[in-house]
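Inspection log for the structure reproduced underneath, given as structure tokens.
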Amino acid sequence: MGWAIALHGGGGDIPLSLPPESRQPREEALRHCLQIGVEALKAKKPSLDVVELVVHELENIPQFNAGKGSVLTNKGTVEMEASIMDGSTKNCGAVSGLKTVINAVSLARLVMEKTPHVYLAFHGAEEFAKEQGVETADPSHFITAENVERLKQAKEAHRVQLDYTQPLQNGSKEATPNANGDVQLGTVGCVAVNSYGNLAAATSTGGLVNKRVGRIGDSPIIGAGTYANELCAVSSTGKGEAILRATVARDVAAMMEFKGVPLEKAASYVIHECMPKGTPVWLLCLPLEKLQCLRTQSACFGHVLLKMVIQRLQFGLHPKWWE
């Protein structure tokens, strides 16, 4: 049995046209986090440990929309959320509305392991974090100058925006990626399968720029932003409300489970047939069975193919095969 790991830093890409000082920190961060996961898998760590470890590290990097880099609400605050799931047991945990917890994904795992619940949010999640002694910081720790500027632009455009697009300009109808890359950060996630065949997935985010206080997206919702079972592991990113309506992560797994559809076909069907056309949604998926689809197909299904994954490094992929 082989092992494999894939991670993402949100939808969109890291343009090759970016100046090195803007592009390299992101590429290096993804390589660094990917290597952490690879070493953990080589050491035969459980897949659940691996995805938590990788997402925990991504949350500490301000170039991504999670943890330290979380985008701001319409009140200028952060409300972080995350989820994690073990495919072999289907145990899972999730949190939302965090303002002081440095690593939301680790708190989500504590919810899974230390409570009878799956999901804690806002004040209750913060109280639980204090009880568990997890690392916290003043809310100002998470507010960066870059995200203050992103919020300012979004308010001027009178819109809530995805974290990797820029606000509407000059009356245009579509938000577009910012060519200078200044707003191209995103939700983070990781999926892994270890050499014992156990799958796991985790996702973490700060949400949408200029979102209403109290808004909950897809990332902490099991079956939408995150899902894992004995067949596959999925981490979603993109337009959260659309992902929630379509329960995309669970639908991919359900097609595999109940119809025997291969992962690449299941993911393609969910993206192209279950979502409104043009909806910005990306799925990071790993299958169990011999990991064959990762050899020739995309690591994330929807708009980003494997060759782009490797080339532009908004996503990272590392499969290892055994006969």
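By order of appearance in the structure tokens: chains A, B, ..., then residues from 1 within every chain, and ligands from 1 in the order shown.
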
Self-check item: Per-residue DSSP, region 169-279 of chain A, filtered to alpha helix (DSSP H), as a ChimeraX atom specification
Solution: /A:240-246,248-259,263-273

Would you mind exporting the chosen residues as a compact mmCIF listing (two decimals), in the first residue's frame, restricted to N, CA, C and O atoms?
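Output below, filename result.txt:
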# COMPACT_ATOMS: atom_id res chain seq x y z
N GLY A 240 -18.21 29.51 -0.69
CA GLY A 240 -18.71 28.67 0.37
C GLY A 240 -20.20 28.39 0.33
O GLY A 240 -20.63 27.26 0.59
N GLU A 241 -20.99 29.40 0.02
CA GLU A 241 -22.43 29.19 0.00
C GLU A 241 -22.84 28.16 -1.05
O GLU A 241 -23.71 27.32 -0.82
N ALA A 242 -22.18 28.19 -2.20
CA ALA A 242 -22.47 27.21 -3.25
C ALA A 242 -22.02 25.82 -2.83
O ALA A 242 -22.71 24.82 -3.10
N ILE A 243 -20.88 25.73 -2.17
CA ILE A 243 -20.38 24.44 -1.69
C ILE A 243 -21.33 23.87 -0.65
O ILE A 243 -21.62 22.66 -0.64
N LEU A 244 -21.85 24.72 0.22
CA LEU A 244 -22.80 24.28 1.25
C LEU A 244 -24.08 23.74 0.62
O LEU A 244 -24.59 22.68 1.01
N ARG A 245 -24.61 24.46 -0.36
CA ARG A 245 -25.87 24.04 -0.98
C ARG A 245 -25.73 22.69 -1.67
O ARG A 245 -26.67 21.90 -1.71
N ALA A 246 -24.56 22.44 -2.24
CA ALA A 246 -24.37 21.21 -3.00
C ALA A 246 -23.75 20.08 -2.18
O ALA A 246 -23.61 18.98 -2.70
N VAL A 248 -20.74 19.31 -1.53
CA VAL A 248 -19.91 18.71 -2.57
C VAL A 248 -18.98 17.62 -2.05
O VAL A 248 -18.78 16.59 -2.72
N ALA A 249 -18.38 17.80 -0.89
CA ALA A 249 -17.42 16.81 -0.40
C ALA A 249 -18.09 15.46 -0.16
O ALA A 249 -17.59 14.41 -0.56
N ARG A 250 -19.26 15.49 0.49
CA ARG A 250 -19.98 14.25 0.75
C ARG A 250 -20.52 13.64 -0.54
O ARG A 250 -20.53 12.42 -0.71
N ASP A 251 -20.96 14.48 -1.48
CA ASP A 251 -21.51 13.95 -2.73
C ASP A 251 -20.45 13.19 -3.52
O ASP A 251 -20.76 12.16 -4.15
N VAL A 252 -19.21 13.69 -3.52
CA VAL A 252 -18.13 12.96 -4.20
C VAL A 252 -17.98 11.58 -3.58
O VAL A 252 -17.93 10.56 -4.28
N ALA A 253 -17.91 11.54 -2.25
CA ALA A 253 -17.75 10.26 -1.55
C ALA A 253 -18.96 9.36 -1.77
O ALA A 253 -18.81 8.14 -1.92
N ALA A 254 -20.16 9.93 -1.78
CA ALA A 254 -21.37 9.14 -1.94
C ALA A 254 -21.42 8.48 -3.32
O ALA A 254 -21.87 7.33 -3.45
N MET A 255 -21.00 9.20 -4.35
CA MET A 255 -21.00 8.61 -5.68
C MET A 255 -20.04 7.43 -5.76
O MET A 255 -20.33 6.41 -6.40
N MET A 256 -18.92 7.55 -5.08
CA MET A 256 -17.98 6.44 -5.04
C MET A 256 -18.55 5.27 -4.25
O MET A 256 -18.44 4.11 -4.64
N GLU A 257 -19.18 5.59 -3.12
CA GLU A 257 -19.67 4.56 -2.21
C GLU A 257 -20.87 3.81 -2.76
O GLU A 257 -20.95 2.58 -2.69
N PHE A 258 -21.83 4.55 -3.31
CA PHE A 258 -23.11 3.94 -3.69
C PHE A 258 -23.23 3.59 -5.16
O PHE A 258 -24.05 2.75 -5.53
N LYS A 259 -22.42 4.25 -6.01
CA LYS A 259 -22.50 3.97 -7.44
C LYS A 259 -21.23 3.35 -7.99
O LYS A 259 -21.19 3.00 -9.18
N LEU A 263 -13.02 8.15 -8.47
CA LEU A 263 -12.95 9.48 -7.86
C LEU A 263 -12.98 10.60 -8.89
O LEU A 263 -13.71 11.58 -8.74
N GLU A 264 -12.17 10.48 -9.96
CA GLU A 264 -12.09 11.58 -10.91
C GLU A 264 -13.44 11.84 -11.58
O GLU A 264 -13.81 13.00 -11.82
N LYS A 265 -14.20 10.78 -11.85
CA LYS A 265 -15.51 10.96 -12.46
C LYS A 265 -16.52 11.50 -11.46
O LYS A 265 -17.36 12.34 -11.80
N ALA A 266 -16.42 11.04 -10.22
CA ALA A 266 -17.32 11.54 -9.18
C ALA A 266 -17.13 13.03 -8.94
O ALA A 266 -18.09 13.80 -8.87
N ALA A 267 -15.86 13.44 -8.83
CA ALA A 267 -15.57 14.85 -8.59
C ALA A 267 -15.97 15.71 -9.77
O ALA A 267 -16.53 16.80 -9.61
N SER A 268 -15.69 15.23 -10.98
CA SER A 268 -16.06 15.98 -12.18
C SER A 268 -17.58 16.15 -12.27
O SER A 268 -18.08 17.24 -12.61
N TYR A 269 -18.32 15.10 -11.96
CA TYR A 269 -19.78 15.18 -12.01
C TYR A 269 -20.30 16.20 -11.01
O TYR A 269 -21.17 17.03 -11.34
N VAL A 270 -19.80 16.16 -9.79
CA VAL A 270 -20.27 17.08 -8.77
C VAL A 270 -19.98 18.53 -9.16
O VAL A 270 -20.83 19.41 -9.01
N ILE A 271 -18.78 18.77 -9.68
CA ILE A 271 -18.40 20.13 -10.08
C ILE A 271 -19.24 20.62 -11.25
O ILE A 271 -19.76 21.74 -11.25
N HIS A 272 -19.40 19.79 -12.26
CA HIS A 272 -20.00 20.25 -13.52
C HIS A 272 -21.51 20.05 -13.61
O HIS A 272 -22.17 20.75 -14.38
N GLU A 273 -22.05 19.13 -12.83
CA GLU A 273 -23.48 18.85 -12.92
C GLU A 273 -24.27 19.30 -11.70
O GLU A 273 -25.48 19.54 -11.81

Exercise. Fewer than 3 positions away in the same chain doesn't count, so skip those; otherwise give me all residues within 8 Å of region 73-88 of chain A, counting only C-alpha atoms, as a count of residues only.
Key: 56

Quiz item: Hey, can you check how far CA of Leu110 (chain A) sits from CA of Gly238 (chain A)?
Solution: 26.0 Å

Exercise. Step one, run DSSP on the backbone; step two, keep only residues of region 177-298 of chain A assigned to strand (DSSP E); then write them as a PyMOL selection string.
Key: chain A and resi 188-193+199-205+226-228+232-238+281-287

Practice problem: Using only C-alpha atoms, determine which residues lie at most 8 Å from Leu107 (chain A), disregarding the query and same-chain residues fewer than 4 positions distant; provide the list as a list in words. | Solution: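 My list of contacting residues is Ala94, Val95, Val101, Asn103, Val111, Ala129 and Val134 of chain A.
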
Practice problem: In Å, rounded to a single decimal, give me how far CA of Gly2 (chain A) is from CA of Thr247 (chain A). | Solution: 28.7 Å

Quiz item: Using only C-alpha atoms, which residue out of A:Arg215, A:Gly223, A:Thr187, A:Asn65 lies closest to Lys90 (chain A)?
Solution: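 Comparing A:Arg215, A:Gly223, A:Thr187, A:Asn65 against Lys90 (chain A), the winner is A:Gly223.
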
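For the residues A:Ala157, A:Cys190, A:Ala40, A:Met275, ranking by smallest atom-to-atom distance to His8 (chain A) using only C-alpha atoms places A:Cys190 first.
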
Practice problem: Calculate how many Å separate CA of Leu72 (chain A) from CA of Gly217 (chain A), rounding to one decimal. | Solution: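 It comes out at 13.8 Å.
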